[in-house]
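Raw contents of target32.pdb, PDB, C-alpha atoms:
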```pdb
ATOM      1  CA  PHE A   1      87.463  46.303  27.650
ATOM      2  CA  LYS A   2      84.800  48.827  26.675
ATOM      3  CA  ALA A   3      87.425  51.451  25.879
ATOM      4  CA  TYR A   4      89.200  49.427  23.196
ATOM      5  CA  ASP A   5      88.572  48.371  19.645
ATOM      6  CA  PHE A   6      91.033  45.581  18.921
ATOM      7  CA  GLU A   7      90.487  45.866  15.176
ATOM      8  CA  TYR A   8      93.089  48.615  15.098
ATOM      9  CA  ILE A   9      96.008  46.705  16.606
ATOM     10  CA  PRO A  10      97.106  44.500  13.690
ATOM     11  CA  VAL A  11      99.678  41.762  14.161
ATOM     12  CA  GLU A  12     101.993  43.263  11.558
ATOM     13  CA  THR A  13     102.351  46.388  13.735
ATOM     14  CA  LEU A  14     103.357  44.309  16.748
ATOM     15  CA  SER A  15     105.806  42.297  14.651
ATOM     16  CA  ALA A  16     107.423  45.399  13.181
ATOM     17  CA  ILE A  17     107.805  47.026  16.602
ATOM     18  CA  TYR A  18     109.249  43.825  18.000
ATOM     19  CA  GLU A  19     111.837  43.527  15.236
ATOM     20  CA  GLN A  20     112.798  47.187  15.567
ATOM     21  CA  PHE A  21     113.701  46.921  19.224
ATOM     22  CA  ILE A  22     114.999  43.351  19.558
ATOM     23  CA  PHE A  23     118.081  43.851  17.412
ATOM     24  CA  GLU A  24     119.855  40.677  18.487
ATOM     25  CA  ARG A  25     117.293  38.547  16.669
ATOM     26  CA  LYS A  26     118.613  39.817  13.341
ATOM     27  CA  ALA A  27     122.051  38.461  14.219
ATOM     28  CA  LYS A  28     120.396  35.089  14.823
ATOM     29  CA  GLY A  29     118.887  35.040  11.344
ATOM     30  CA  ALA A  30     115.418  36.259  12.340
ATOM     31  CA  VAL A  31     113.709  38.839  10.145
ATOM     32  CA  TYR A  32     110.051  39.802  10.481
ATOM     33  CA  THR A  33     108.042  38.238   7.660
ATOM     34  CA  PRO A  34     105.791  40.828   5.987
ATOM     35  CA  GLU A  35     102.115  39.961   6.232
ATOM     36  CA  ILE A  36     101.663  40.068   2.452
ATOM     37  CA  LEU A  37     104.373  37.415   1.973
ATOM     38  CA  ALA A  38     103.011  35.212   4.755
ATOM     39  CA  ASP A  39      99.509  35.543   3.318
ATOM     40  CA  TYR A  40     100.793  34.581  -0.144
ATOM     41  CA  LEU A  41     102.407  31.415   1.197
ATOM     42  CA  ILE A  42      99.246  30.454   3.099
ATOM     43  CA  SER A  43      97.140  31.047  -0.023
ATOM     44  CA  GLU A  44      99.473  28.825  -2.043
ATOM     45  CA  MET A  45      99.050  26.097   0.564
ATOM     46  CA  GLU A  46      95.273  26.478   0.459
ATOM     47  CA  SER A  47      95.334  25.897  -3.293
ATOM     48  CA  VAL A  48      96.734  22.444  -2.524
ATOM     49  CA  LYS A  49      95.046  21.552   0.785
ATOM     50  CA  ARG A  50      92.292  23.776   2.169
ATOM     51  CA  ILE A  51      92.560  24.670   5.858
ATOM     52  CA  GLU A  52      89.558  23.399   7.795
ATOM     53  CA  LYS A  53      88.289  23.390  11.363
ATOM     54  CA  GLY A  54      89.967  20.697  13.420
ATOM     55  CA  MET A  55      93.205  20.669  11.454
ATOM     56  CA  LYS A  56      96.436  21.188  13.398
ATOM     57  CA  VAL A  57      98.902  23.812  12.167
ATOM     58  CA  LEU A  58     102.522  24.237  13.283
ATOM     59  CA  ASP A  59     105.000  27.043  12.707
ATOM     60  CA  PRO A  60     108.345  25.499  13.771
ATOM     61  CA  ALA A  61     110.077  28.880  14.160
ATOM     62  CA  CYS A  62     107.096  31.140  14.750
ATOM     63  CA  GLY A  63     108.846  34.376  15.784
ATOM     64  CA  SER A  64     106.233  37.016  16.509
ATOM     65  CA  GLY A  65     103.463  34.817  15.127
ATOM     66  CA  VAL A  66     102.405  36.355  11.813
ATOM     67  CA  PHE A  67     101.759  32.979  10.110
ATOM     68  CA  LEU A  68      99.796  31.605  13.055
ATOM     69  CA  VAL A  69      97.652  34.726  13.326
ATOM     70  CA  LEU A  70      96.785  34.639   9.623
ATOM     71  CA  VAL A  71      95.883  30.943   9.812
ATOM     72  CA  TYR A  72      93.797  31.597  12.929
ATOM     73  CA  ARG A  73      91.936  34.382  11.109
ATOM     74  CA  ARG A  74      91.166  32.090   8.177
ATOM     75  CA  LEU A  75      89.866  29.369  10.458
ATOM     76  CA  ILE A  76      87.616  31.859  12.250
ATOM     77  CA  GLU A  77      86.285  33.385   9.036
ATOM     78  CA  ARG A  78      85.599  29.944   7.583
ATOM     79  CA  GLU A  79      83.663  28.857  10.660
ATOM     80  CA  LYS A  80      81.730  32.149  10.692
ATOM     81  CA  ALA A  81      80.721  31.555   7.078
ATOM     82  CA  ARG A  82      79.705  27.963   7.801
ATOM     83  CA  LEU A  83      77.537  28.916  10.779
ATOM     84  CA  ASP A  84      76.396  32.225   9.272
ATOM     85  CA  ARG A  85      76.879  34.094  12.542
ATOM     86  CA  LYS A  86      79.531  35.552  14.816
ATOM     87  CA  LEU A  87      81.422  33.098  16.973
ATOM     88  CA  LYS A  88      81.159  33.021  20.734
ATOM     89  CA  ALA A  89      84.176  33.374  22.976
ATOM     90  CA  GLU A  90      84.182  29.659  23.743
ATOM     91  CA  GLU A  91      84.184  28.816  20.038
ATOM     92  CA  LEU A  92      87.050  31.194  19.327
ATOM     93  CA  LEU A  93      89.020  29.693  22.194
ATOM     94  CA  ALA A  94      88.327  26.179  20.929
ATOM     95  CA  ILE A  95      89.691  26.949  17.467
ATOM     96  CA  LEU A  96      92.826  28.516  18.949
ATOM     97  CA  GLN A  97      93.525  25.657  21.321
ATOM     98  CA  GLU A  98      92.647  22.940  18.830
ATOM     99  CA  SER A  99      94.538  24.144  15.774
ATOM    100  CA  ILE A 100      97.342  26.626  16.495
ATOM    101  CA  PHE A 101     100.833  25.519  17.561
ATOM    102  CA  GLY A 102     104.225  27.200  17.404
ATOM    103  CA  VAL A 103     107.828  26.656  18.463
ATOM    104  CA  GLU A 104     110.188  29.560  19.153
ATOM    105  CA  ARG A 105     113.373  29.635  21.198
ATOM    106  CA  GLU A 106     113.312  33.367  22.004
ATOM    107  CA  ARG A 107     111.063  34.060  24.980
ATOM    108  CA  ASP A 108     110.145  37.616  23.981
ATOM    109  CA  ALA A 109     109.090  36.422  20.540
ATOM    110  CA  CYS A 110     106.890  33.764  22.172
ATOM    111  CA  TYR A 111     105.187  36.448  24.235
ATOM    112  CA  VAL A 112     104.551  38.625  21.173
ATOM    113  CA  ALA A 113     103.113  35.646  19.264
ATOM    114  CA  GLU A 114     100.837  34.764  22.192
ATOM    115  CA  PHE A 115      99.730  38.379  22.600
ATOM    116  CA  SER A 116      99.010  38.645  18.869
ATOM    117  CA  LEU A 117      96.824  35.535  18.974
ATOM    118  CA  ILE A 118      94.907  36.895  21.974
ATOM    119  CA  LEU A 119      94.378  40.213  20.173
ATOM    120  CA  THR A 120      93.040  38.305  17.174
ATOM    121  CA  LEU A 121      90.561  36.521  19.423
ATOM    122  CA  LEU A 122      89.504  39.839  20.960
ATOM    123  CA  HIS A 123      89.010  41.341  17.517
ATOM    124  CA  TYR A 124      86.136  38.913  16.894
ATOM    125  CA  LEU A 125      84.359  39.571  20.194
ATOM    126  CA  GLU A 126      81.972  42.313  21.224
ATOM    127  CA  PRO A 127      83.201  44.243  24.303
ATOM    128  CA  ARG A 128      80.096  43.260  26.251
ATOM    129  CA  GLU A 129      81.009  39.595  25.850
ATOM    130  CA  LEU A 130      84.243  40.242  27.710
ATOM    131  CA  GLN A 131      82.392  41.456  30.775
ATOM    132  CA  ASN A 132      81.410  37.851  31.416
ATOM    133  CA  LEU A 133      83.336  36.857  34.532
ATOM    134  CA  ASN A 134      83.553  33.293  33.249
ATOM    135  CA  PHE A 135      85.817  34.369  30.373
ATOM    136  CA  ARG A 136      89.489  33.469  30.877
ATOM    137  CA  PHE A 137      92.371  33.987  28.512
ATOM    138  CA  PRO A 138      93.952  30.694  27.455
ATOM    139  CA  GLY A 139      97.374  29.745  28.762
ATOM    140  CA  LEU A 140      99.378  29.507  25.548
ATOM    141  CA  HIS A 141     102.968  29.598  26.789
ATOM    142  CA  ASN A 142     104.549  26.131  26.594
ATOM    143  CA  ASN A 143     101.077  24.812  25.938
ATOM    144  CA  ARG A 144     100.478  25.984  22.370
ATOM    145  CA  ILE A 145     103.482  28.267  21.828
ATOM    146  CA  PHE A 146     106.516  26.321  23.007
ATOM    147  CA  GLU A 147     109.623  28.183  24.126
ATOM    148  CA  CYS A 148     112.308  25.782  22.969
ATOM    149  CA  ASP A 149     114.822  24.944  20.277
ATOM    150  CA  PHE A 150     113.101  22.920  17.570
ATOM    151  CA  PHE A 151     116.159  20.662  17.202
ATOM    152  CA  ASN A 152     116.641  19.950  20.910
ATOM    153  CA  ILE A 153     114.744  16.676  20.768
ATOM    154  CA  GLU A 154     116.548  15.300  23.834
ATOM    155  CA  GLY A 155     116.000  18.401  25.927
ATOM    156  CA  ASP A 156     114.090  18.804  29.139
ATOM    157  CA  LYS A 157     111.302  21.141  30.203
ATOM    158  CA  CYS A 158     109.380  22.455  27.191
ATOM    159  CA  GLU A 159     111.493  20.611  24.624
ATOM    160  CA  ALA A 160     110.435  17.327  26.160
ATOM    161  CA  LYS A 161     106.880  18.594  26.647
ATOM    162  CA  PHE A 162     106.522  19.453  22.949
ATOM    163  CA  ARG A 163     108.080  16.224  21.685
ATOM    164  CA  GLU A 164     106.390  13.981  24.236
ATOM    165  CA  LYS A 165     102.978  15.170  23.107
ATOM    166  CA  GLY A 166     103.606  13.135  19.968
ATOM    167  CA  LEU A 167     101.802  15.746  17.899
ATOM    168  CA  LYS A 168     101.349  15.419  14.156
ATOM    169  CA  PHE A 169     100.199  18.253  11.936
ATOM    170  CA  ASP A 170      98.065  18.752   8.841
ATOM    171  CA  TRP A 171      99.890  21.951   7.945
ATOM    172  CA  ILE A 172     103.449  23.049   8.744
ATOM    173  CA  VAL A 173     104.135  26.613   7.649
ATOM    174  CA  GLY A 174     106.690  29.303   8.373
ATOM    175  CA  ASN A 175     109.910  31.125   7.694
ATOM    176  CA  PRO A 176     112.757  29.330   9.517
ATOM    177  CA  PRO A 177     116.029  31.147  10.278
ATOM    178  CA  TRP A 178     118.396  31.530   7.356
ATOM    179  CA  ILE A 179     121.752  31.058   9.054
ATOM    180  CA  GLU A 180     124.830  29.460   7.544
ATOM    181  CA  LEU A 181     126.637  27.996  10.518
ATOM    182  CA  SER A 182     130.176  29.256  10.218
ATOM    183  CA  PRO A 183     132.427  28.074  13.084
ATOM    184  CA  GLY A 184     131.655  31.239  15.054
ATOM    185  CA  LYS A 185     127.899  30.622  14.943
ATOM    186  CA  ARG A 186     127.850  26.957  15.891
ATOM    187  CA  LYS A 187     127.945  27.460  19.657
ATOM    188  CA  ASP A 188     124.678  29.436  19.688
ATOM    189  CA  ASN A 189     123.094  26.926  17.307
ATOM    190  CA  LYS A 190     124.518  23.721  18.744
ATOM    191  CA  PHE A 191     121.335  21.655  18.419
ATOM    192  CA  VAL A 192     120.767  22.198  14.726
ATOM    193  CA  TYR A 193     124.506  21.801  14.091
ATOM    194  CA  SER A 194     124.430  18.491  15.963
ATOM    195  CA  TRP A 195     121.495  17.450  13.766
ATOM    196  CA  MET A 196     123.493  18.322  10.636
ATOM    197  CA  GLU A 197     126.538  16.368  11.862
ATOM    198  CA  ASN A 198     124.530  13.254  12.662
ATOM    199  CA  PRO A 199     125.894  10.577  10.277
ATOM    200  CA  ALA A 200     122.436   9.385   9.259
ATOM    201  CA  ASN A 201     121.314  12.913   8.453
ATOM    202  CA  LYS A 202     124.514  13.676   6.554
ATOM    203  CA  ARG A 203     123.872  10.599   4.445
ATOM    204  CA  GLU A 204     120.077  10.803   3.984
ATOM    205  CA  ARG A 205     119.260  14.470   4.644
ATOM    206  CA  PRO A 206     122.256  16.556   3.551
ATOM    207  CA  VAL A 207     122.355  20.346   3.746
ATOM    208  CA  GLY A 208     124.560  22.751   1.845
ATOM    209  CA  GLY A 209     126.988  25.011   3.693
ATOM    210  CA  CYS A 210     125.416  24.271   7.105
ATOM    211  CA  GLN A 211     122.277  26.199   6.119
ATOM    212  CA  THR A 212     119.757  25.987   8.972
ATOM    213  CA  ALA A 213     116.729  26.632   6.734
ATOM    214  CA  GLU A 214     117.584  23.520   4.728
ATOM    215  CA  ALA A 215     117.826  21.507   7.963
ATOM    216  CA  PHE A 216     114.358  22.763   8.945
ATOM    217  CA  SER A 217     112.960  21.722   5.559
ATOM    218  CA  TRP A 218     114.023  18.140   6.298
ATOM    219  CA  SER A 219     113.241  17.906   9.995
ATOM    220  CA  VAL A 220     109.664  19.218   9.903
ATOM    221  CA  THR A 221     108.571  16.243   7.801
ATOM    222  CA  ASP A 222     108.875  14.039  10.910
ATOM    223  CA  LEU A 223     105.874  15.859  12.401
ATOM    224  CA  LEU A 224     103.623  15.745   9.345
ATOM    225  CA  TYR A 225     100.547  13.563   8.867
ATOM    226  CA  ASP A 226     100.762  11.315   5.802
ATOM    227  CA  ASN A 227      98.277  13.539   3.962
ATOM    228  CA  GLY A 228      99.683  16.806   5.305
ATOM    229  CA  ILE A 229     101.572  19.550   3.473
ATOM    230  CA  ILE A 230     104.454  21.889   4.258
ATOM    231  CA  GLY A 231     104.968  25.471   3.121
ATOM    232  CA  LEU A 232     108.239  27.215   3.960
ATOM    233  CA  LEU A 233     110.077  30.346   2.949
ATOM    234  CA  LEU A 234     113.673  29.365   2.197
ATOM    235  CA  PRO A 235     116.706  31.126   0.731
ATOM    236  CA  ALA A 236     116.275  31.008  -3.037
ATOM    237  CA  THR A 237     120.017  30.304  -3.268
ATOM    238  CA  SER A 238     119.317  26.758  -2.036
ATOM    239  CA  LEU A 239     117.696  26.139  -5.418
ATOM    240  CA  PHE A 240     120.742  27.202  -7.417
ATOM    241  CA  ASN A 241     124.065  27.362  -5.592
ATOM    242  CA  LEU A 242     126.714  24.686  -6.014
ATOM    243  CA  LYS A 243     127.129  23.852  -2.322
ATOM    244  CA  SER A 244     123.435  22.868  -2.061
ATOM    245  CA  LYS A 245     123.670  20.429  -4.972
ATOM    246  CA  ASN A 246     123.489  17.339  -2.740
ATOM    247  CA  TYR A 247     120.658  18.896  -0.749
ATOM    248  CA  ARG A 248     118.607  19.436  -3.916
ATOM    249  CA  ARG A 249     119.301  15.975  -5.281
ATOM    250  CA  ALA A 250     118.151  14.289  -2.062
ATOM    251  CA  PHE A 251     115.298  16.692  -1.263
ATOM    252  CA  PHE A 252     113.629  16.543  -4.668
ATOM    253  CA  SER A 253     113.947  12.765  -4.826
ATOM    254  CA  LYS A 254     112.216  12.271  -1.453
ATOM    255  CA  HIS A 255     109.448  14.874  -1.620
ATOM    256  CA  GLU A 256     106.666  15.820  -3.964
ATOM    257  CA  VAL A 257     107.263  19.523  -4.511
ATOM    258  CA  LEU A 258     103.964  21.053  -5.548
ATOM    259  CA  ARG A 259     104.768  24.745  -5.960
ATOM    260  CA  ILE A 260     107.840  26.980  -6.002
ATOM    261  CA  THR A 261     107.857  30.767  -6.212
ATOM    262  CA  ASN A 262     111.201  32.528  -6.592
ATOM    263  CA  PHE A 263     111.068  36.085  -5.202
ATOM    264  CA  ALA A 264     114.696  36.932  -6.026
ATOM    265  CA  ASN A 265     113.796  39.962  -8.145
ATOM    266  CA  LEU A 266     111.571  41.342  -5.363
ATOM    267  CA  ARG A 267     113.797  40.847  -2.328
ATOM    268  CA  ASP A 268     114.486  44.564  -1.760
ATOM    269  CA  ILE A 269     110.754  45.301  -1.950
ATOM    270  CA  ILE A 270     109.510  42.371   0.156
ATOM    271  CA  PHE A 271     111.915  42.846   3.055
ATOM    272  CA  ASP A 272     112.408  46.606   2.619
ATOM    273  CA  LYS A 273     116.174  46.047   2.221
ATOM    274  CA  ARG A 274     116.379  44.398   5.664
ATOM    275  CA  ALA A 275     117.461  41.029   4.239
ATOM    276  CA  THR A 276     120.145  40.468   1.621
ATOM    277  CA  MET A 277     119.338  36.887   0.594
ATOM    278  CA  PRO A 278     116.487  36.344  -1.890
ATOM    279  CA  PRO A 279     113.504  34.276  -0.691
ATOM    280  CA  ALA A 280     111.648  31.425  -2.339
ATOM    281  CA  SER A 281     108.494  29.630  -1.226
ATOM    282  CA  LEU A 282     108.198  25.853  -1.394
ATOM    283  CA  ILE A 283     105.011  23.826  -0.988
ATOM    284  CA  TYR A 284     105.733  20.112  -0.630
ATOM    285  CA  ARG A 285     104.806  16.824   0.993
TER     286      ARG A 285
END
```
Using structure tokens, write down the structure that the file contains.
Amino acid sequence: FKAYDFEYIPVETLSAIYEQFIFERKAKGAVYTPEILADYLISEMESVKRIEKGMKVLDPACGSGVFLVLVYRRLIEREKARLDRKLKAEELLAILQESIFGVERERDACYVAEFSLILTLLHYLEPRELQNLNFRFPGLHNNRIFECDFFNIEGDKCEAKFREKGLKFDWIVGNPPWIELSPGKRKDNKFVYSWMENPANKRERPVGGCQTAEAFSWSVTDLLYDNGIIGLLLPATSLFNLKSKNYRRAFFSKHEVLRITNFANLRDIIFDKRATMPPASLIYR
């Protein structure tokens, strides 16, 4: 470890490299979220409910982990300020294992998210601390970063492991996939489509045009503490288009929406012309 300074391997670099080479994720609605946009959403959430040590945070479609890394950094910096000293390896590990959780169905994305979190931990350690033979990297895969489909609530393996933990969260934050499930896309997204077609969900939690991001905005509330908050990046079109009319009517009647930012005029700048749909951020409970 003496040869490396982990300050110079930022998570946004890993995320950008990952997106550049894993082209099939774009076809599945996954686009790397720029750090500045993720940081904005987290700051908006903090204006409503400040992130504190001991709170549990979930990204339900964490991709390469940019939201989780930024939350982890804030938790570390806040604890450093409280104690007025650098944190020890054990303390950094404790924060990571206590507070950071993600779900992602693509295995390679899980690995990048886990690696990014480890690099963040290393950034806050002195190289000499890593020479301690007692130091062990935490096992994050299917323990904190779960490789599974968020909507496969009846699944086995990690799906069952995540759901059976019965976890609730103080914060739920992220950028879920923006896919409209045309007939050709339903096979690869059978779990979320099944959720949409459930009669109870169609009646109580409607979505417009089989938009997966709208389904996420409903489903994540099941995992939220009563005093928790949610911050998601959604297609701004869900706020305006005709086919999402029933979604809006039901969603705004059942949630307290605290903040909305419409980035429609900035979409080419924010995503560097990699995404065609305009984003909006919603903070709600």
Applied to the shown file, which residues does the PyMOL selection byres ((chain A and resi 138-145) around 7) return, written as a PDB file with C-alpha atoms, in the frame of the given file?
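Written output follows (selection-v7.pdb):
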```pdb
ATOM      1  CA  ILE A 100      97.342  26.626  16.495  1.00  0.00           C
ATOM      2  CA  PHE A 101     100.833  25.519  17.561  1.00  0.00           C
ATOM      3  CA  GLY A 102     104.225  27.200  17.404  1.00  0.00           C
ATOM      4  CA  VAL A 103     107.828  26.656  18.463  1.00  0.00           C
ATOM      5  CA  CYS A 110     106.890  33.764  22.172  1.00  0.00           C
ATOM      6  CA  GLU A 114     100.837  34.764  22.192  1.00  0.00           C
ATOM      7  CA  ARG A 136      89.489  33.469  30.877  1.00  0.00           C
ATOM      8  CA  PHE A 137      92.371  33.987  28.512  1.00  0.00           C
ATOM      9  CA  PHE A 146     106.516  26.321  23.007  1.00  0.00           C
ATOM     10  CA  GLU A 147     109.623  28.183  24.126  1.00  0.00           C
ATOM     11  CA  CYS A 158     109.380  22.455  27.191  1.00  0.00           C
TER      12      CYS A 158
END
```
(request) Using the chain letters and numbering of this document, enumerate as number ranges by chain the residues selected by the PyMOL selection byres ((chain A and resi 194) around 12). (result) A: 151-154, 181, 186-193, 195-202, 210, 212, 215
(request) Check what the PyMOL selection byres ((chain A and resi 120) around 8) selects in the file above and give those residues as a count of residues only. (result) 12
(message) From the options A:Leu83, A:Leu233, A:Leu125, A:Ala213, which residue's atoms come nearest to Asp39 of chain A, counting all atoms listed in the file?
(response)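 Result for the nearest residue to Asp39 of chain A: A:Leu233.
Between atom CA of Ser219 of chain A and atom CA of Glu98 of chain A lies a distance of 23.0 Å.
Compared by their closest atoms to Leu37 of chain A, and using all atoms listed in the file, the residues A:Ile260, A:Asn175, A:Arg248, A:Leu224 rank with A:Asn175 nearest.
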(request) Counting only C-alpha atoms, write as number ranges by chain all protein and nucleic acid residues lying at most 12 Å from (96.7, 19.6, 11.4) in the file's frame. (result) A: 49-59, 71, 75, 95, 98-101, 167-173, 223-230
Output file for the residues above (C-alpha atoms, as a compact mmCIF listing (two decimals), keeping the file's coordinate frame):
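As a result, result18.txt now contains:
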```
# COMPACT_ATOMS: atom_id res chain seq x y z
CA LYS A 49 95.05 21.55 0.78
CA ARG A 50 92.29 23.78 2.17
CA ILE A 51 92.56 24.67 5.86
CA GLU A 52 89.56 23.40 7.80
CA LYS A 53 88.29 23.39 11.36
CA GLY A 54 89.97 20.70 13.42
CA MET A 55 93.20 20.67 11.45
CA LYS A 56 96.44 21.19 13.40
CA VAL A 57 98.90 23.81 12.17
CA LEU A 58 102.52 24.24 13.28
CA ASP A 59 105.00 27.04 12.71
CA VAL A 71 95.88 30.94 9.81
CA LEU A 75 89.87 29.37 10.46
CA ILE A 95 89.69 26.95 17.47
CA GLU A 98 92.65 22.94 18.83
CA SER A 99 94.54 24.14 15.77
CA ILE A 100 97.34 26.63 16.50
CA PHE A 101 100.83 25.52 17.56
CA LEU A 167 101.80 15.75 17.90
CA LYS A 168 101.35 15.42 14.16
CA PHE A 169 100.20 18.25 11.94
CA ASP A 170 98.06 18.75 8.84
CA TRP A 171 99.89 21.95 7.94
CA ILE A 172 103.45 23.05 8.74
CA VAL A 173 104.14 26.61 7.65
CA LEU A 223 105.87 15.86 12.40
CA LEU A 224 103.62 15.74 9.35
CA TYR A 225 100.55 13.56 8.87
CA ASP A 226 100.76 11.32 5.80
CA ASN A 227 98.28 13.54 3.96
CA GLY A 228 99.68 16.81 5.30
CA ILE A 229 101.57 19.55 3.47
CA ILE A 230 104.45 21.89 4.26
```
(request) Rank nothing, just name the residue among A:Ala113, A:Ile270, A:Met277, A:Ala81 nearest to Pro34 of chain A, using all atoms listed in the file. (result)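 Counting all atoms listed in the file, the residue closest to Pro34 of chain A is A:Ile270.
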(request) Identify which of the residues A:Tyr284, A:Phe115, A:Trp178, A:Tyr247 lies closest to Val48 of chain A, counting only C-alpha atoms when measuring atom-to-atom distances. (result) A:Tyr284
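Nearest to Met45 of chain A of all the residues A:Ala250, A:Gly174, A:Ser217, A:Arg267 is A:Gly174, counting all atoms listed in the file.
Proximity to Ala61 of chain A was assessed for A:Arg85, A:Lys80, A:Arg105, A:His255 counting only C-alpha atoms; the smallest distance is recorded for A:Arg105.
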Can you report as AutoDock Vina command-line options the centre and edge lengths in Å, to one decimal, of an axis-aligned box around the listed atoms of segment 169-188 of chain A padded with 3 Å on each side?
```
--center_x 115.2 --center_y 24.9 --center_z 13.5 --size_x 40.4 --size_y 19.3 --size_z 18.3
```
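When atom CA of Ser244 of chain A is paired with atom CA of Tyr32 of chain A, their separation reads 25.0 Å.
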(request) Just give me the gap between atom CA of Leu239 of chain A and atom CA of Leu266 of chain A in Å, one decimal is fine. (result) 16.4 Å
Any chance you could export segment 51-66 of chain A with N, CA, C and O atoms, as a PDB file, in the first residue's frame?
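Below is the file decode-v1.pdb, written as the result:
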```pdb
ATOM      1  N   ILE A  51     -28.081  13.802   7.359  1.00  0.00           N
ATOM      2  CA  ILE A  51     -27.521  12.464   7.491  1.00  0.00           C
ATOM      3  C   ILE A  51     -26.619  12.418   8.715  1.00  0.00           C
ATOM      4  O   ILE A  51     -25.800  13.312   8.927  1.00  0.00           O
ATOM      5  N   GLU A  52     -26.814  11.396   9.543  1.00  0.00           N
ATOM      6  CA  GLU A  52     -26.070  11.279  10.787  1.00  0.00           C
ATOM      7  C   GLU A  52     -25.549   9.856  10.953  1.00  0.00           C
ATOM      8  O   GLU A  52     -26.091   8.910  10.382  1.00  0.00           O
ATOM      9  N   LYS A  53     -24.519   9.723  11.779  1.00  0.00           N
ATOM     10  CA  LYS A  53     -23.961   8.412  12.085  1.00  0.00           C
ATOM     11  C   LYS A  53     -25.050   7.492  12.628  1.00  0.00           C
ATOM     12  O   LYS A  53     -25.855   7.882  13.458  1.00  0.00           O
ATOM     13  N   GLY A  54     -25.047   6.274  12.148  1.00  0.00           N
ATOM     14  CA  GLY A  54     -26.035   5.291  12.594  1.00  0.00           C
ATOM     15  C   GLY A  54     -27.247   5.174  11.693  1.00  0.00           C
ATOM     16  O   GLY A  54     -27.979   4.187  11.765  1.00  0.00           O
ATOM     17  N   MET A  55     -27.470   6.156  10.830  1.00  0.00           N
ATOM     18  CA  MET A  55     -28.588   6.080   9.907  1.00  0.00           C
ATOM     19  C   MET A  55     -28.275   5.093   8.788  1.00  0.00           C
ATOM     20  O   MET A  55     -27.140   4.944   8.375  1.00  0.00           O
ATOM     21  N   LYS A  56     -29.310   4.414   8.307  1.00  0.00           N
ATOM     22  CA  LYS A  56     -29.162   3.452   7.215  1.00  0.00           C
ATOM     23  C   LYS A  56     -29.612   4.094   5.909  1.00  0.00           C
ATOM     24  O   LYS A  56     -30.679   4.713   5.844  1.00  0.00           O
ATOM     25  N   VAL A  57     -28.787   3.907   4.866  1.00  0.00           N
ATOM     26  CA  VAL A  57     -29.039   4.523   3.566  1.00  0.00           C
ATOM     27  C   VAL A  57     -29.071   3.436   2.501  1.00  0.00           C
ATOM     28  O   VAL A  57     -28.177   2.582   2.444  1.00  0.00           O
ATOM     29  N   LEU A  58     -30.079   3.478   1.644  1.00  0.00           N
ATOM     30  CA  LEU A  58     -30.224   2.505   0.557  1.00  0.00           C
ATOM     31  C   LEU A  58     -30.272   3.214  -0.781  1.00  0.00           C
ATOM     32  O   LEU A  58     -30.999   4.194  -0.951  1.00  0.00           O
ATOM     33  N   ASP A  59     -29.524   2.685  -1.752  1.00  0.00           N
ATOM     34  CA  ASP A  59     -29.710   3.025  -3.158  1.00  0.00           C
ATOM     35  C   ASP A  59     -30.295   1.778  -3.809  1.00  0.00           C
ATOM     36  O   ASP A  59     -29.617   0.753  -3.928  1.00  0.00           O
ATOM     37  N   PRO A  60     -31.550   1.812  -4.252  1.00  0.00           N
ATOM     38  CA  PRO A  60     -32.227   0.607  -4.746  1.00  0.00           C
ATOM     39  C   PRO A  60     -31.800   0.177  -6.142  1.00  0.00           C
ATOM     40  O   PRO A  60     -32.207  -0.901  -6.591  1.00  0.00           O
ATOM     41  N   ALA A  61     -31.034   0.993  -6.829  1.00  0.00           N
ATOM     42  CA  ALA A  61     -30.498   0.633  -8.150  1.00  0.00           C
ATOM     43  C   ALA A  61     -29.141   1.323  -8.251  1.00  0.00           C
ATOM     44  O   ALA A  61     -28.953   2.272  -9.005  1.00  0.00           O
ATOM     45  N   CYS A  62     -28.171   0.828  -7.464  1.00  0.00           N
ATOM     46  CA  CYS A  62     -26.981   1.623  -7.152  1.00  0.00           C
ATOM     47  C   CYS A  62     -25.966   1.733  -8.283  1.00  0.00           C
ATOM     48  O   CYS A  62     -25.076   2.571  -8.219  1.00  0.00           O
ATOM     49  N   GLY A  63     -26.071   0.908  -9.326  1.00  0.00           N
ATOM     50  CA  GLY A  63     -25.110   1.015 -10.427  1.00  0.00           C
ATOM     51  C   GLY A  63     -23.694   0.940  -9.916  1.00  0.00           C
ATOM     52  O   GLY A  63     -23.341   0.071  -9.113  1.00  0.00           O
ATOM     53  N   SER A  64     -22.867   1.881 -10.337  1.00  0.00           N
ATOM     54  CA  SER A  64     -21.456   1.872  -9.940  1.00  0.00           C
ATOM     55  C   SER A  64     -21.213   2.568  -8.609  1.00  0.00           C
ATOM     56  O   SER A  64     -20.069   2.725  -8.200  1.00  0.00           O
ATOM     57  N   GLY A  65     -22.262   3.003  -7.935  1.00  0.00           N
ATOM     58  CA  GLY A  65     -22.150   3.391  -6.530  1.00  0.00           C
ATOM     59  C   GLY A  65     -21.892   4.845  -6.222  1.00  0.00           C
ATOM     60  O   GLY A  65     -21.526   5.174  -5.096  1.00  0.00           O
ATOM     61  N   VAL A  66     -22.136   5.763  -7.158  1.00  0.00           N
ATOM     62  CA  VAL A  66     -21.769   7.156  -6.920  1.00  0.00           C
ATOM     63  C   VAL A  66     -22.541   7.752  -5.742  1.00  0.00           C
ATOM     64  O   VAL A  66     -21.967   8.470  -4.908  1.00  0.00           O
TER      65      VAL A  66
END
```
